[in-house]
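*Asks:* The following file, input00.csv, comprises CSV, N, CA and C atoms:
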```csv
chain,number,residue,atom,x,y,z
A,1,MET,N,13.0,20.8,-16.8
A,1,MET,CA,12.3,19.6,-17.4
A,1,MET,C,11.4,19.0,-16.2
A,2,ALA,N,10.2,18.8,-16.5
A,2,ALA,CA,9.3,18.2,-15.5
A,2,ALA,C,9.2,16.7,-15.7
A,3,PHE,N,9.1,16.0,-14.5
A,3,PHE,CA,9.1,14.6,-14.5
A,3,PHE,C,7.6,14.1,-14.1
A,4,PRO,N,7.1,13.1,-14.7
A,4,PRO,CA,5.8,12.6,-14.2
A,4,PRO,C,5.9,11.8,-12.9
A,5,CYS,N,4.8,11.9,-12.2
A,5,CYS,CA,4.7,11.2,-10.9
A,5,CYS,C,4.3,9.7,-11.3
A,6,VAL,N,5.0,8.8,-10.7
A,6,VAL,CA,4.7,7.4,-11.0
A,6,VAL,C,3.3,6.9,-10.7
A,7,VAL,N,2.6,7.6,-9.9
A,7,VAL,CA,1.2,7.2,-9.5
A,7,VAL,C,0.2,7.9,-10.3
A,8,CYS,N,0.2,9.3,-10.3
A,8,CYS,CA,-0.9,10.0,-11.0
A,8,CYS,C,-0.5,10.4,-12.4
A,9,LEU,N,0.7,10.3,-12.8
A,9,LEU,CA,1.3,10.6,-14.1
A,9,LEU,C,1.2,12.1,-14.4
A,10,GLN,N,0.9,12.9,-13.4
A,10,GLN,CA,0.9,14.4,-13.6
A,10,GLN,C,2.4,14.8,-13.4
A,11,HIS,N,2.7,16.0,-14.0
A,11,HIS,CA,4.1,16.5,-13.8
A,11,HIS,C,4.3,16.9,-12.4
A,12,VAL,N,5.5,16.6,-11.9
A,12,VAL,CA,6.0,17.0,-10.6
A,12,VAL,C,6.6,18.4,-10.8
A,13,ARG,N,6.0,19.4,-10.3
A,13,ARG,CA,6.5,20.8,-10.5
A,13,ARG,C,7.5,21.1,-9.4
A,14,PRO,N,8.3,22.1,-9.6
A,14,PRO,CA,9.4,22.4,-8.7
A,14,PRO,C,9.0,22.7,-7.3
A,15,ARG,N,7.8,23.3,-7.0
A,15,ARG,CA,7.4,23.7,-5.7
A,15,ARG,C,6.5,22.6,-5.0
A,16,GLN,N,6.2,21.5,-5.7
A,16,GLN,CA,5.4,20.5,-5.1
A,16,GLN,C,6.2,19.6,-4.3
A,17,HIS,N,5.6,19.0,-3.2
A,17,HIS,CA,6.2,18.0,-2.4
A,17,HIS,C,6.3,16.7,-3.2
A,18,ALA,N,7.5,16.3,-3.4
A,18,ALA,CA,7.7,15.0,-4.1
A,18,ALA,C,9.0,14.3,-3.6
A,19,LEU,N,9.0,13.0,-3.9
A,19,LEU,CA,10.2,12.3,-3.4
A,19,LEU,C,10.8,11.5,-4.6
A,20,GLN,N,12.1,11.4,-4.7
A,20,GLN,CA,12.7,10.7,-5.7
A,20,GLN,C,13.1,9.3,-5.2
A,21,CYS,N,12.7,8.3,-6.0
A,21,CYS,CA,13.0,6.9,-5.7
A,21,CYS,C,14.4,6.6,-5.7
A,22,GLU,N,14.9,5.9,-4.6
A,22,GLU,CA,16.3,5.5,-4.6
A,22,GLU,C,16.6,4.4,-5.5
A,23,GLY,N,15.6,3.6,-6.0
A,23,GLY,CA,15.8,2.5,-6.9
A,23,GLY,C,15.8,2.9,-8.3
A,24,CYS,N,14.8,3.7,-8.8
A,24,CYS,CA,14.7,3.9,-10.2
A,24,CYS,C,14.9,5.4,-10.6
A,25,SER,N,15.0,6.3,-9.6
A,25,SER,CA,15.1,7.7,-9.7
A,25,SER,C,13.9,8.4,-10.3
A,26,LYS,N,12.8,7.7,-10.3
A,26,LYS,CA,11.5,8.4,-10.7
A,26,LYS,C,10.9,9.2,-9.5
A,27,TRP,N,10.0,10.0,-9.8
A,27,TRP,CA,9.4,10.9,-8.8
A,27,TRP,C,8.0,10.5,-8.5
A,28,GLN,N,7.6,10.8,-7.2
A,28,GLN,CA,6.3,10.5,-6.7
A,28,GLN,C,5.9,11.6,-5.8
A,29,HIS,N,4.7,12.2,-6.1
A,29,HIS,CA,4.2,13.3,-5.2
A,29,HIS,C,4.0,12.7,-3.8
A,30,ARG,N,4.3,13.5,-2.8
A,30,ARG,CA,4.2,13.1,-1.5
A,30,ARG,C,2.7,12.7,-1.2
A,31,LEU,N,1.8,13.3,-1.7
A,31,LEU,CA,0.4,13.0,-1.5
A,31,LEU,C,-0.2,11.8,-2.3
A,32,CYS,N,0.6,11.3,-3.1
A,32,CYS,CA,0.2,10.1,-4.0
A,32,CYS,C,0.7,8.8,-3.3
A,33,ASN,N,0.1,8.5,-2.1
A,33,ASN,CA,0.3,7.3,-1.4
A,33,ASN,C,1.7,7.0,-1.0
A,34,THR,N,2.5,8.0,-0.6
A,34,THR,CA,3.8,7.8,-0.1
A,34,THR,C,3.8,7.4,1.3
A,35,GLY,N,2.8,7.8,2.1
A,35,GLY,CA,2.8,7.5,3.5
A,35,GLY,C,3.7,8.5,4.3
A,36,VAL,N,4.2,9.5,3.6
A,36,VAL,CA,5.1,10.5,4.3
A,36,VAL,C,4.3,11.7,4.6
A,37,SER,N,4.3,12.0,5.9
A,37,SER,CA,3.6,13.2,6.4
A,37,SER,C,4.3,14.5,6.0
A,38,GLN,N,3.6,15.6,6.1
A,38,GLN,CA,4.2,16.9,5.8
A,38,GLN,C,5.4,17.2,6.7
A,39,LEU,N,5.2,16.8,8.0
A,39,LEU,CA,6.3,17.0,9.0
A,39,LEU,C,7.5,16.2,8.6
A,40,GLU,N,7.3,14.9,8.3
A,40,GLU,CA,8.4,14.0,7.9
A,40,GLU,C,9.1,14.6,6.6
A,41,TYR,N,8.3,15.0,5.7
A,41,TYR,CA,8.8,15.6,4.4
A,41,TYR,C,9.7,16.8,4.7
A,42,ARG,N,9.2,17.7,5.5
A,42,ARG,CA,10.0,18.9,5.9
A,42,ARG,C,11.3,18.5,6.6
A,43,ARG,N,11.3,17.5,7.4
A,43,ARG,CA,12.5,17.0,8.1
A,43,ARG,C,13.4,16.4,7.1
A,44,MET,N,12.9,15.7,6.1
A,44,MET,CA,13.8,15.1,5.1
A,44,MET,C,14.4,16.2,4.3
A,45,VAL,N,13.7,17.2,3.9
A,45,VAL,CA,14.2,18.3,3.1
A,45,VAL,C,15.3,19.0,3.8
A,46,ASN,N,15.1,19.2,5.1
A,46,ASN,CA,16.1,20.0,6.0
A,46,ASN,C,17.2,19.1,6.5
A,47,ALA,N,17.2,17.8,6.0
A,47,ALA,CA,18.3,16.9,6.3
A,47,ALA,C,18.3,16.5,7.8
A,48,GLU,N,17.1,16.6,8.4
A,48,GLU,CA,17.0,16.3,9.9
A,48,GLU,C,16.9,14.8,10.0
A,49,ILE,N,16.3,14.1,9.0
A,49,ILE,CA,16.2,12.7,9.0
A,49,ILE,C,16.6,12.2,7.7
A,50,ASP,N,17.1,11.0,7.7
A,50,ASP,CA,17.6,10.3,6.4
A,50,ASP,C,16.6,9.2,6.1
A,51,VAL,N,15.9,9.3,5.0
A,51,VAL,CA,15.0,8.2,4.7
A,51,VAL,C,15.3,7.7,3.3
A,52,ILE,N,15.3,6.4,3.1
A,52,ILE,CA,15.5,5.8,1.8
A,52,ILE,C,14.1,5.6,1.3
A,53,PHE,N,13.7,6.3,0.2
A,53,PHE,CA,12.4,6.2,-0.3
A,53,PHE,C,12.4,5.3,-1.5
A,54,ARG,N,11.4,4.4,-1.6
A,54,ARG,CA,11.1,3.6,-2.8
A,54,ARG,C,9.7,3.9,-3.3
A,55,CYS,N,9.6,4.1,-4.6
A,55,CYS,CA,8.3,4.4,-5.2
A,55,CYS,C,7.5,3.1,-5.2
A,56,ILE,N,6.2,3.3,-5.6
A,56,ILE,CA,5.3,2.1,-5.6
A,56,ILE,C,5.8,1.0,-6.6
A,57,GLU,N,6.5,1.4,-7.6
A,57,GLU,CA,7.0,0.5,-8.6
A,57,GLU,C,8.2,-0.3,-8.0
A,58,CYS,N,9.0,0.3,-7.2
A,58,CYS,CA,10.2,-0.4,-6.7
A,58,CYS,C,10.0,-1.0,-5.3
A,59,MET,N,8.9,-0.6,-4.6
A,59,MET,CA,8.7,-1.1,-3.3
A,59,MET,C,8.5,-2.6,-3.3
A,60,PRO,N,9.2,-3.3,-2.4
A,60,PRO,CA,9.1,-4.8,-2.5
A,60,PRO,C,7.7,-5.2,-2.2
A,61,ALA,N,7.3,-6.2,-2.8
A,61,ALA,CA,5.9,-6.7,-2.6
A,61,ALA,C,5.8,-7.2,-1.2
A,62,GLU,N,4.7,-7.1,-0.6
A,62,GLU,CA,4.4,-7.6,0.8
A,62,GLU,C,4.6,-9.1,0.7
A,63,PRO,N,5.4,-9.7,1.6
A,63,PRO,CA,5.5,-11.1,1.6
A,63,PRO,C,4.2,-11.7,2.0
A,64,ASP,N,3.9,-12.9,1.4
A,64,ASP,CA,2.7,-13.6,1.8
A,64,ASP,C,2.9,-14.1,3.2
A,65,VAL,N,2.0,-13.6,4.0
A,65,VAL,CA,2.1,-14.0,5.4
A,65,VAL,C,1.0,-15.0,5.7
A,66,ALA,N,1.4,-16.2,6.2
A,66,ALA,CA,0.5,-17.2,6.5
A,66,ALA,C,-0.3,-16.8,7.7
A,67,PRO,N,-1.6,-17.0,7.6
A,67,PRO,CA,-2.5,-16.5,8.7
A,67,PRO,C,-2.1,-17.3,10.0
A,68,GLU,N,-2.2,-16.7,11.1
A,68,GLU,CA,-1.8,-17.3,12.3
A,68,GLU,C,-2.9,-18.4,12.6
A,69,PRO,N,-2.5,-19.6,13.1
A,69,PRO,CA,-3.5,-20.6,13.3
A,69,PRO,C,-4.4,-20.1,14.5
A,70,GLU,N,-5.6,-20.5,14.3
A,70,GLU,CA,-6.6,-20.1,15.4
A,70,GLU,C,-6.3,-21.0,16.6
A,71,PRO,N,-6.4,-20.4,17.8
A,71,PRO,CA,-6.2,-21.2,19.0
A,71,PRO,C,-7.3,-22.2,19.1
A,72,GLU,N,-6.9,-23.3,19.7
A,72,GLU,CA,-7.9,-24.4,19.9
A,72,GLU,C,-8.9,-24.0,20.9
A,73,PRO,N,-10.1,-24.3,20.7
A,73,PRO,CA,-11.1,-23.9,21.7
A,73,PRO,C,-10.8,-24.6,23.1
A,74,GLU,N,-11.0,-23.8,24.1
A,74,GLU,CA,-10.8,-24.4,25.4
A,74,GLU,C,-11.9,-25.3,25.8
A,75,ALA,N,-11.6,-26.3,26.6
A,75,ALA,CA,-12.6,-27.3,27.0
A,75,ALA,C,-13.6,-26.5,27.9
A,76,GLU,N,-14.8,-26.9,27.7
A,76,GLU,CA,-15.9,-26.2,28.5
A,76,GLU,C,-15.8,-26.6,29.9
A,77,PRO,N,-15.9,-25.7,30.8
A,77,PRO,CA,-15.8,-26.0,32.2
A,77,PRO,C,-17.0,-26.9,32.6
A,78,GLU,N,-16.7,-27.7,33.6
A,78,GLU,CA,-17.7,-28.6,34.1
A,78,GLU,C,-18.9,-27.8,34.6
A,79,ALA,N,-20.1,-28.4,34.4
A,79,ALA,CA,-21.3,-27.7,34.8
A,79,ALA,C,-21.3,-27.5,36.3
A,80,ALA,N,-21.6,-26.3,36.7
A,80,ALA,CA,-21.7,-26.0,38.2
A,80,ALA,C,-22.9,-26.7,38.7
A,81,PRO,N,-22.9,-27.2,40.0
A,81,PRO,CA,-24.0,-27.8,40.5
A,81,PRO,C,-25.2,-26.8,40.6
A,82,GLU,N,-26.4,-27.4,40.3
A,82,GLU,CA,-27.6,-26.5,40.3
A,82,GLU,C,-27.9,-26.0,41.7
A,83,HIS,N,-28.3,-24.8,41.7
A,83,HIS,CA,-28.7,-24.2,43.0
A,83,HIS,C,-30.0,-23.4,42.8
A,84,GLU,N,-30.4,-23.0,43.9
A,84,GLU,CA,-31.7,-22.2,43.9
A,84,GLU,C,-31.6,-21.0,43.1
A,85,PRO,N,-32.7,-20.6,42.4
A,85,PRO,CA,-32.6,-19.4,41.6
A,85,PRO,C,-32.5,-18.2,42.5
A,86,GLU,N,-31.9,-17.1,42.0
A,86,GLU,CA,-31.7,-15.9,42.8
A,86,GLU,C,-33.1,-15.3,43.1
A,87,ALA,N,-33.2,-14.6,44.2
A,87,ALA,CA,-34.5,-13.9,44.5
A,87,ALA,C,-34.7,-12.8,43.5
A,88,VAL,N,-36.0,-12.6,43.2
A,88,VAL,CA,-36.3,-11.5,42.3
A,88,VAL,C,-36.6,-10.3,43.1
A,89,ILE,N,-35.9,-9.2,42.8
A,89,ILE,CA,-36.0,-7.9,43.5
A,89,ILE,C,-37.2,-7.1,42.9
A,90,PRO,N,-38.2,-6.7,43.6
A,90,PRO,CA,-39.3,-6.0,43.0
A,90,PRO,C,-38.8,-4.6,42.6
A,91,ASP,N,-39.5,-4.1,41.5
A,91,ASP,CA,-39.2,-2.8,41.0
A,91,ASP,C,-39.6,-1.8,41.9
A,92,GLN,N,-38.7,-1.0,42.4
A,92,GLN,CA,-39.1,0.1,43.3
A,92,GLN,C,-38.8,1.5,42.7
A,93,SER,N,-38.8,1.5,41.4
A,93,SER,CA,-38.5,2.8,40.8
A,93,SER,C,-39.6,3.8,40.9
A,94,PHE,N,-39.4,5.0,40.6
A,94,PHE,CA,-40.4,6.1,40.7
A,94,PHE,C,-41.4,5.9,39.6
A,95,ASN,N,-42.7,5.9,40.0
A,95,ASN,CA,-43.8,5.7,39.0
A,95,ASN,C,-44.4,7.0,38.8
A,96,ILE,N,-44.1,7.6,37.6
A,96,ILE,CA,-44.7,8.9,37.3
A,96,ILE,C,-46.1,8.9,36.8
A,97,SER,N,-46.6,7.7,36.5
A,97,SER,CA,-47.9,7.6,35.9
A,97,SER,C,-49.0,7.8,37.0
A,98,LEU,N,-48.7,7.8,38.2
A,98,LEU,CA,-49.7,8.0,39.3
A,98,LEU,C,-50.3,9.4,39.2
A,99,ALA,N,-51.6,9.5,39.5
A,99,ALA,CA,-52.2,10.9,39.5
A,99,ALA,C,-51.7,11.6,40.8
A,100,ILE,N,-51.8,12.9,40.8
A,100,ILE,CA,-51.3,13.7,42.0
A,100,ILE,C,-52.1,13.3,43.2
A,101,GLU,N,-53.4,13.0,43.1
A,101,GLU,CA,-54.2,12.6,44.3
A,101,GLU,C,-53.7,11.3,44.9
A,102,GLU,N,-53.3,10.4,44.0
A,102,GLU,CA,-52.8,9.1,44.5
A,102,GLU,C,-51.5,9.3,45.2
A,103,VAL,N,-50.7,10.2,44.7
A,103,VAL,CA,-49.4,10.4,45.4
A,103,VAL,C,-49.6,11.1,46.7
A,104,GLU,N,-50.6,12.0,46.8
A,104,GLU,CA,-50.9,12.7,48.1
A,104,GLU,C,-51.4,11.7,49.1
A,105,GLU,N,-52.2,10.7,48.7
A,105,GLU,CA,-52.7,9.7,49.6
A,105,GLU,C,-51.5,8.8,50.1
A,106,ILE,N,-50.6,8.5,49.2
A,106,ILE,CA,-49.4,7.6,49.6
A,106,ILE,C,-48.6,8.4,50.6
A,107,VAL,N,-48.4,9.7,50.4
A,107,VAL,CA,-47.5,10.5,51.2
A,107,VAL,C,-48.2,10.7,52.6
A,108,GLU,N,-49.5,10.9,52.7
A,108,GLU,CA,-50.2,11.1,53.9
A,108,GLU,C,-50.1,9.9,54.8
A,109,ARG,N,-50.0,8.7,54.3
A,109,ARG,CA,-50.0,7.5,55.1
A,109,ARG,C,-48.9,7.4,56.0
```
Please render this file's structure as structure tokens.
*Replies:*
Amino acid sequence: MAFPCVVCLQHVRPRQHALQCEGCSKWQHRLCNTGVSQLEYRRMVNAEIDVIFRCIECMPAEPDVAPEPEPEPEAEPEAAPEHEPEAVIPDQSFNISLAIEEVEEIVER
């Protein structure tokens, strides 16, 4: 006898990965939002790990979590005394827009 998955309502066939709920004994396909990886499922089947599975119907509702209060803004630091502006460094990058003749003149100097 085939049992329906509590999520997709499709039959859970004998060779499909599925988990039986500890609460209501209904079945849920592993891929139907169980959060159980293939490796975890295999370890469960081989009795390497013991997991109490609850289907989506029996899973306890997430408790309402009050948002954490936002930290109070820090006082702005006192203004630093004004000082002279930093010197501007002239652009000394390579200028490829110069004609070859201009470059030769610059190099010859």
*Asks:* Please determine the residues with any atom at most 7 Å from (-1.3, 7.1, -6.2) (coordinates as given in the file, with all atoms listed in the file counting) and report them as a short mmCIF file (atom, residue, chain, number, x, y, z; two decimals) with N, CA and C atoms, in the frame of the given file.
*Replies:*
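Dumped to part-v8.cif:
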```cif
data_model
loop_
_atom_site.label_atom_id
_atom_site.label_comp_id
_atom_site.auth_asym_id
_atom_site.auth_seq_id
_atom_site.Cartn_x
_atom_site.Cartn_y
_atom_site.Cartn_z
N VAL A 6 5.00 8.80 -10.70
CA VAL A 6 4.70 7.40 -11.00
C VAL A 6 3.30 6.90 -10.70
N VAL A 7 2.60 7.60 -9.90
CA VAL A 7 1.20 7.20 -9.50
C VAL A 7 0.20 7.90 -10.30
N CYS A 8 0.20 9.30 -10.30
CA CYS A 8 -0.90 10.00 -11.00
C CYS A 8 -0.50 10.40 -12.40
N LEU A 31 1.80 13.30 -1.70
CA LEU A 31 0.40 13.00 -1.50
C LEU A 31 -0.20 11.80 -2.30
N CYS A 32 0.60 11.30 -3.10
CA CYS A 32 0.20 10.10 -4.00
C CYS A 32 0.70 8.80 -3.30
N ASN A 33 0.10 8.50 -2.10
CA ASN A 33 0.30 7.30 -1.40
C ASN A 33 1.70 7.00 -1.00
N THR A 34 2.50 8.00 -0.60
CA THR A 34 3.80 7.80 -0.10
C THR A 34 3.80 7.40 1.30
#
```
*Asks:* Which one is closest to Cys5 of chain A: A:Glu40, A:Val51, A:Gln28, A:Pro60? Count only N, CA and C atoms.
*Replies:*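 Ranked by minimum distance to Cys5 of chain A, first place goes to A:Gln28.
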*Asks:* Near Ile52 of chain A, counting only C-alpha atoms, which residues have an atom at most 12 Å away, once you skip same-chain residues fewer than 2 positions from it, shown as a list in words?
*Replies:*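 Here the answer would be Leu19, Gln20, Cys21, Glu22, Gly23, Ser25, Val36, Met44, Ile49, Asp50, Arg54, Cys55, Cys58 and Met59 of chain A.
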*Asks:* Do you have the atom CA of His11 of chain A-atom CA of Glu48 of chain A distance handy?
*Replies:*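 Distance between the two atoms: 27.0 Å.
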*Asks:* Using atom CA of His17 of chain A and atom CA of His29 of chain A as the two end points, give the distance in Å to one decimal.
*Replies:*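 Pair atom CA of His17 of chain A / atom CA of His29 of chain A returns 5.8 Å.
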*Asks:* Take atom CA of Gln16 of chain A and atom CA of Ile56 of chain A and report the distance between them in Å, one decimal.
*Replies:*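 Computing it gives 18.4 Å between the two atoms.
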*Asks:* My structure is short of atoms at segment 12-27 of chain A; please model N, CA, C and O atoms there, returning them as a compact mmCIF listing (two decimals), in the frame of the given file.
*Replies:*
```txt
# COMPACT_ATOMS: atom_id res chain seq x y z
N VAL A 12 5.50 16.60 -11.90
CA VAL A 12 6.00 17.00 -10.60
C VAL A 12 6.60 18.40 -10.80
O VAL A 12 7.68 18.48 -11.44
N ARG A 13 6.00 19.40 -10.30
CA ARG A 13 6.50 20.80 -10.50
C ARG A 13 7.50 21.10 -9.40
O ARG A 13 7.47 20.50 -8.35
N PRO A 14 8.30 22.10 -9.60
CA PRO A 14 9.40 22.40 -8.70
C PRO A 14 9.00 22.70 -7.30
O PRO A 14 9.65 22.36 -6.33
N ARG A 15 7.80 23.30 -7.00
CA ARG A 15 7.40 23.70 -5.70
C ARG A 15 6.50 22.60 -5.00
O ARG A 15 5.99 22.85 -3.95
N GLN A 16 6.20 21.50 -5.70
CA GLN A 16 5.40 20.50 -5.10
C GLN A 16 6.20 19.60 -4.30
O GLN A 16 7.39 19.35 -4.52
N HIS A 17 5.60 19.00 -3.20
CA HIS A 17 6.20 18.00 -2.40
C HIS A 17 6.30 16.70 -3.20
O HIS A 17 5.29 16.18 -3.56
N ALA A 18 7.50 16.30 -3.40
CA ALA A 18 7.70 15.00 -4.10
C ALA A 18 9.00 14.30 -3.60
O ALA A 18 9.85 15.00 -3.11
N LEU A 19 9.00 13.00 -3.90
CA LEU A 19 10.20 12.30 -3.40
C LEU A 19 10.80 11.50 -4.60
O LEU A 19 10.00 11.03 -5.46
N GLN A 20 12.10 11.40 -4.70
CA GLN A 20 12.70 10.70 -5.70
C GLN A 20 13.10 9.30 -5.20
O GLN A 20 13.66 9.15 -4.16
N CYS A 21 12.70 8.30 -6.00
CA CYS A 21 13.00 6.90 -5.70
C CYS A 21 14.40 6.60 -5.70
O CYS A 21 15.16 6.97 -6.62
N GLU A 22 14.90 5.90 -4.60
CA GLU A 22 16.30 5.50 -4.60
C GLU A 22 16.60 4.40 -5.50
O GLU A 22 17.75 4.16 -5.91
N GLY A 23 15.60 3.60 -6.00
CA GLY A 23 15.80 2.50 -6.90
C GLY A 23 15.80 2.90 -8.30
O GLY A 23 16.76 2.53 -9.06
N CYS A 24 14.80 3.70 -8.80
CA CYS A 24 14.70 3.90 -10.20
C CYS A 24 14.90 5.40 -10.60
O CYS A 24 14.83 5.80 -11.73
N SER A 25 15.00 6.30 -9.60
CA SER A 25 15.10 7.70 -9.70
C SER A 25 13.90 8.40 -10.30
O SER A 25 13.96 9.58 -10.65
N LYS A 26 12.80 7.70 -10.30
CA LYS A 26 11.50 8.40 -10.70
C LYS A 26 10.90 9.20 -9.50
O LYS A 26 11.36 8.97 -8.37
N TRP A 27 10.00 10.00 -9.80
CA TRP A 27 9.40 10.90 -8.80
C TRP A 27 8.00 10.50 -8.50
O TRP A 27 7.28 9.97 -9.29
```
